[in-house]
Each structure stands twice: as C-alpha cells, then as structure tokens.
$ cat run.txt   # compact mmCIF, C-alpha atoms
# COMPACT_ATOMS: atom_id res chain seq x y z
CA MET A 324 133.35 62.56 100.82
CA LEU A 325 134.29 66.01 99.53
CA LEU A 326 131.12 66.20 97.45
CA LEU A 327 129.03 65.21 100.47
CA THR A 328 130.64 67.94 102.58
CA LYS A 329 129.97 70.55 99.89
CA ALA A 330 126.37 69.38 99.62
CA ILE A 331 125.86 69.72 103.37
CA ILE A 332 127.39 73.21 103.36
CA PHE A 333 125.14 74.19 100.45
CA LEU A 334 122.02 72.91 102.19
CA VAL A 335 122.91 74.71 105.41
CA SER A 336 123.64 77.98 103.62
CA ASP A 337 120.55 77.62 101.45
CA HIS A 338 118.34 77.31 104.52
CA LYS A 339 120.02 80.16 106.37
CA GLU A 340 117.36 82.37 107.86
CA LYS A 341 117.08 85.77 106.24
CA ALA A 342 116.77 89.01 108.18
CA ALA A 343 113.25 89.54 106.84
CA ASP A 344 112.21 86.17 108.31
CA ARG A 345 113.07 87.27 111.85
CA ARG A 346 111.07 89.55 114.09
CA CYS A 347 112.21 93.12 114.60
CA ILE A 348 113.96 93.38 117.96
CA PHE A 349 111.88 96.46 118.86
CA ALA A 350 108.51 94.93 117.92
CA SER A 351 107.75 93.75 121.47
CA LEU A 352 108.77 97.11 122.96
CA ILE A 353 106.54 99.40 120.92
CA ASN A 354 103.52 99.33 123.24
CA THR A 355 105.71 99.98 126.27
CA TYR A 356 107.83 102.79 124.86
CA THR A 357 105.55 104.50 122.35
CA ALA A 358 105.08 107.34 124.82
CA VAL A 359 108.79 108.20 124.70
CA GLY A 360 108.83 108.24 120.91
CA LEU A 361 109.64 104.68 119.78
CA SER A 362 108.18 104.29 116.29
CA PRO A 363 106.13 101.29 115.12
CA CYS A 364 107.67 98.80 112.72
CA GLY A 365 107.38 99.41 109.00
CA GLU A 366 108.02 97.91 105.60
CA GLY A 367 111.30 98.15 103.73
CA LYS A 368 114.73 96.57 103.94
CA TRP A 369 115.35 94.41 107.01
CA ARG A 370 118.80 93.96 108.50
CA ASN A 371 120.31 91.63 111.08
CA ALA A 372 120.25 93.06 114.58
CA ASN A 373 123.66 91.52 115.29
CA GLY A 374 125.38 93.49 112.55
CA GLN A 375 128.39 95.43 113.77
CA LEU A 376 126.85 98.88 113.37
CA ALA A 377 123.32 97.89 114.43
CA ALA A 378 124.50 96.00 117.52
CA LYS A 379 126.67 98.90 118.66
CA ARG A 380 123.81 101.35 118.38
CA ILE A 381 121.22 99.04 119.97
CA ARG A 382 123.41 98.59 123.05
CA LEU A 383 123.30 102.35 123.60
CA PHE A 384 119.58 101.99 124.34
CA TYR A 385 119.93 99.31 127.03
CA GLU A 386 119.80 101.99 129.70
CA TYR A 387 116.55 103.44 128.34
CA PHE A 388 114.91 100.19 127.19
CA PRO A 389 115.90 97.62 129.85
CA ASP A 390 113.86 94.91 128.09
CA LEU A 391 116.42 94.96 125.28
CA VAL A 392 119.06 93.44 127.55
CA ASN A 393 117.19 90.13 127.65
CA LEU A 394 116.88 89.87 123.86
CA ASN A 395 119.52 87.94 121.92
CA LEU A 396 120.66 90.05 118.97
CA ASP A 397 121.45 86.92 116.95
CA SER A 398 117.79 85.92 117.00
CA TYR A 399 116.31 89.19 115.79
CA SER A 400 116.40 91.59 112.88
CA ILE A 401 115.72 95.32 112.71
CA CYS A 402 113.16 96.85 110.36
CA SER A 403 113.86 99.85 108.15
CA ILE A 404 111.92 102.24 110.42
CA HIS A 405 113.89 101.36 113.53
CA TYR A 406 117.14 101.14 111.58
CA ASN A 407 116.69 104.78 110.62
CA GLN A 408 115.50 105.82 114.09
CA ILE A 409 118.00 103.85 116.17
CA VAL A 410 121.05 103.21 113.98
CA ILE A 411 121.30 105.98 111.41
CA ASN A 412 119.74 108.95 113.16
CA ASN A 413 121.02 110.19 116.52
CA GLN A 414 118.08 112.49 117.27
CA PHE A 415 115.99 109.90 119.15
CA TYR A 416 118.94 108.89 121.33
CA GLU A 417 119.65 112.52 122.22
CA HIS A 418 115.95 112.94 123.05
CA LEU A 419 116.08 110.03 125.51
CA VAL A 420 119.29 111.32 127.10
CA GLY A 421 117.79 114.79 127.54
CA SER A 422 114.51 113.44 128.92
CA THR A 423 116.33 111.30 131.48
CA GLN A 424 118.41 114.21 132.72
CA GLU A 425 115.35 116.46 133.00
CA ASN A 426 113.44 113.85 135.04
CA GLN A 427 116.22 113.31 137.60
CA PRO A 428 115.26 114.76 141.03
CA SER A 429 117.50 117.47 142.44
CA ARG A 430 119.30 117.04 145.75
CA PRO A 431 118.93 119.50 148.62
CA GLY A 432 121.30 122.42 148.49
CA THR A 433 121.81 122.32 144.73
CA ASN A 434 121.15 125.07 142.27
CA GLU A 435 120.64 125.20 138.53
CA GLY A 436 124.27 126.01 137.89
CA ASN A 437 125.63 122.73 139.30
CA LEU A 438 122.51 120.55 138.95
CA SER A 439 124.00 118.18 136.40
CA ILE A 440 127.10 117.68 138.53
CA ASN A 441 125.38 117.04 141.84
CA THR A 442 122.48 114.92 140.61
CA THR A 443 124.37 112.60 138.27
CA ASP A 444 126.61 109.71 139.22
CA PRO A 445 130.06 110.55 137.77
CA ILE A 446 130.51 107.02 136.43
CA VAL A 447 127.11 107.05 134.73
CA ASN A 448 127.73 110.54 133.44
CA LEU A 449 131.11 109.51 132.03
CA ASP A 450 129.55 106.49 130.35
CA ARG A 451 126.87 108.68 128.80
CA ILE A 452 129.46 111.12 127.55
CA LYS A 453 131.42 108.25 126.02
CA GLN A 454 128.29 106.88 124.39
CA PHE A 455 127.39 110.31 123.06
CA VAL A 456 130.91 110.84 121.69
CA ASP A 457 130.87 107.42 120.03
CA SER A 458 127.46 108.14 118.58
CA ALA A 459 128.55 111.57 117.32
CA ARG A 460 131.71 110.09 115.84
CA LEU A 461 129.69 107.40 114.09
CA GLU A 462 127.24 109.96 112.74
CA ASN A 463 130.09 112.15 111.49
CA GLN A 464 131.67 109.14 109.82
CA GLN A 465 128.41 108.30 108.08
CA LYS A 466 128.02 111.91 106.94
CA SER A 467 131.60 111.95 105.67
CA GLU A 468 131.01 108.76 103.70
CA LEU A 469 127.81 110.24 102.28
CA ILE A 470 129.64 113.43 101.28
CA MET A 471 132.38 111.39 99.61
CA GLU A 472 129.77 109.37 97.74
CA LEU A 473 127.98 112.54 96.61
CA ASN A 474 131.28 114.09 95.51
CA GLY A 475 132.00 110.96 93.51
CA ARG A 476 128.60 111.20 91.84
CA ILE A 477 129.19 114.88 91.05
CA GLU A 478 132.57 114.08 89.49
CA ARG A 479 131.03 111.32 87.38
CA MET A 480 128.22 113.63 86.29
CA GLN A 481 130.73 116.36 85.42
CA GLN A 482 132.76 113.87 83.39
CA HIS A 483 129.59 112.78 81.61
CA ILE A 484 128.75 116.41 80.82
CA ASP A 485 132.27 117.01 79.50
CA ASP A 486 131.99 113.93 77.29
CA GLN A 487 128.64 115.13 75.98
CA GLU A 488 130.08 118.56 75.21
CA ASN A 489 132.96 116.96 73.30
CA GLU A 490 130.52 114.84 71.30
CA ILE A 491 128.40 117.91 70.51
CA GLU A 492 131.46 119.86 69.34
CA GLU A 493 132.49 116.93 67.15
CA LEU A 494 129.00 116.74 65.63
CA ILE A 495 129.01 120.49 64.97
CA SER A 496 132.38 120.15 63.23
CA LYS A 497 131.04 117.31 61.07
CA LEU A 498 127.96 119.36 60.17
CA ARG A 499 130.13 122.30 59.16
CA ARG A 500 132.26 120.09 56.92
CA ALA A 501 129.14 118.59 55.39
CA TYR A 502 127.73 122.07 54.78
CA ASP A 503 130.98 123.18 53.13
CA ASN A 504 130.94 120.08 50.92
CA MET A 505 127.34 120.75 49.94
CA ALA A 506 128.19 124.35 49.04
CA GLU A 507 131.12 123.18 46.93
CA ILE A 508 128.95 120.62 45.15
CA GLN A 509 126.31 123.29 44.53
CA ASP A 510 128.92 125.58 42.97
CA LEU A 511 130.10 122.77 40.69
CA CYS A 512 126.51 122.03 39.67
CA ASP A 513 125.85 125.70 38.90
CA GLU A 514 129.02 125.90 36.83
CA LYS A 515 128.12 122.72 34.94
CA ILE A 516 124.60 123.98 34.24
CA LYS A 517 126.00 127.27 32.99
CA HIS A 518 128.47 125.47 30.72
CA ASN A 519 125.76 123.19 29.34
CA GLY A 520 123.56 126.20 28.67
CA ALA A 521 126.35 127.83 26.67
CA LEU A 522 126.80 124.68 24.58
CA VAL A 523 123.07 124.45 23.87
CA GLU A 524 122.96 128.09 22.89
CA GLN A 525 125.97 127.64 20.61
CA TRP A 526 124.40 124.60 18.99
CA ASN A 527 121.11 126.35 18.43
CA SER A 528 122.76 129.40 16.89
CA ARG A 529 124.72 127.21 14.51
CA PHE A 530 121.56 125.74 12.95
CA SER A 531 119.30 128.73 13.35
CA ASP A 532 118.30 128.90 9.66
CA ARG A 533 117.88 126.54 6.74
CA GLN A 534 120.96 127.66 4.82
CA LYS A 535 123.25 126.94 7.78
CA ARG A 536 121.81 123.45 8.07
CA ILE A 537 122.35 122.83 4.33
CA ASN A 538 125.90 124.14 4.51
CA SER A 539 126.67 121.90 7.44
CA VAL A 540 125.53 118.87 5.43
CA ILE A 541 127.53 119.84 2.31

$ encode --input "run.txt" --output "structure tokens"
Amino acid sequence: MLLLTKAIIFLVSDHKEKAADRRCIFASLINTYTAVGLSPCGEGKWRNANGQLAAKRIRLFYEYFPDLVNLNLDSYSICSIHYNQIVINNQFYEHLVGSTQENQPSRPGTNEGNLSINTTDPIVNLDRIKQFVDSARLENQQKSELIMELNGRIERMQQHIDDQENEIEELISKLRRAYDNMAEIQDLCDEKIKHNGALVEQWNSRFSDRQKRINSVI
C-alpha cells in the first residue's frame, strides 16, 4: 500500500505542469494595452504567475488592466519579458500611475496647486500611495539583496586574489632557493675543475722528460 501511494505521488509530481507549458498571463492583453507600453512576450525563463512576488506585483496592475482580474493566476505563467517589466522593474507601473493622474478631468473651481487633492478620491489615492510604497519597498529590498550579492562576489574575488598573491610569493621564494642552490653547485663544479686541472698539471710535470719517467720506474 505504501509503495502504491509513493508511485501515485511520483506520477502526479512527474506530470506536474511546468511554467513554460502555460501561457503568459499578459499574452491576451498585449493587443489591447500595447499603446500604453505593455511589451510583447519573449523567450527566456518562465515563472509561475501565482508565485508570491509575481502575484503581488500583478495585482498592482488590476486597476490599469481590468482584464487581469478575470484571469486565474494558478493557470498562467509569466514570461521573462513581462517578469522584468511587471515584477522586477517599477518604471512601467509608475508610468501607468502618472498617465492615469494626468488624464483625470479637473473639477470646477480647482487650480493646479490642489488639483491632485480635489480630483482624486481619497480612498483611491491612499490605496495608490500604499501600492507605490509597497512597490518601492520591494524594489529597495531587491536592490539591497543585489548589493549584498555583489559585495559577496567582491569579497570572494578579493580572497582569490590574495590566495594568488600568496602562491606567487611562494613560487618566487622557491625560485630564489633554486637559484641559490644552482649558484652553490656551480661554485663547487668550478672548484672541482680547478683542482682537477692542478692534478693534471702536476702529473704532466712529473713525467715531462724521459729521465724522469725512467727514474720513476727504477
């Protein structure tokens, strides 16, 4: 029974639909919202639209892309292009917020100084501020994580450089010792050659003439 349960779990997990097998949640919205800057889908890494970070960011766009509300996040993925535009980068969201505020009609008796106060519903305005703060906080968190990662890489690179410098110094020390040993060996060789030359010269002088050779035999 236990083996059967494990087999069923394995089959279910093995057939689990991958993010790349689902359609990008923004694919059906491109034609409608291209004019406001929504990018077309692209190749690259696909992620689940119901991921914690992706879902939080996608919900920020419900106000600007009402068609998103009717799409189930569990049934869609998000392509790399829209992940960068919607989830990672906050520029497109700020563009939509700014465009919406600019297109709001002014009420009679208002002036430019209090336009945003008089033409915006306080509740909607508060919600937008909250969304913007959450988005800014998320972006700052991502930048902080990136900075920490880069600092970690720099530290590892610095450690690698230090290790390389230590290895180079050790090699230089070994080369110096080898050079000193070679010089010492050369001095010994020169001394030996000089000594052998003296012996040869002494031997030759001893038998330089016939009489000396005869005397050495007698």

$ atom_distance --input "run.txt" --atom1 "atom CA of Gln408 of chain A" --atom2 "atom CA of Met471 of chain A"
22.9 Å

$ atom_distance --input "run.txt" --atom1 "atom CA of Asp390 of chain A" --atom2 "atom CA of Glu462 of chain A"
25.3 Å

$ closest_residue --input "run.txt" --among "A:Leu383, A:Leu376, A:Ile401, A:Ala521" --to "Pro363 of chain A" --atoms "all atoms listed in the file"
A:Ile401

$ atom_distance --input "run.txt" --atom1 "atom CA of Gln481 of chain A" --atom2 "atom CA of Arg500 of chain A"
28.8 Å

$ residues_around --input "run.txt" --residues "His418 of chain A" --least-positions-apart "2" --cutoff "12 Å" --atoms "all atoms listed in the file" --output "PyMOL selection string"
chain A and resi 359-361+384+387+408-409+412-416+420-425+455

$ residues_around --input "run.txt" --residues "Arg370 of chain A" --least-positions-apart "2" --cutoff "7 Å" --atoms "all atoms listed in the file" --output "PyMOL selection string"
chain A and resi 342+368+372+400-402
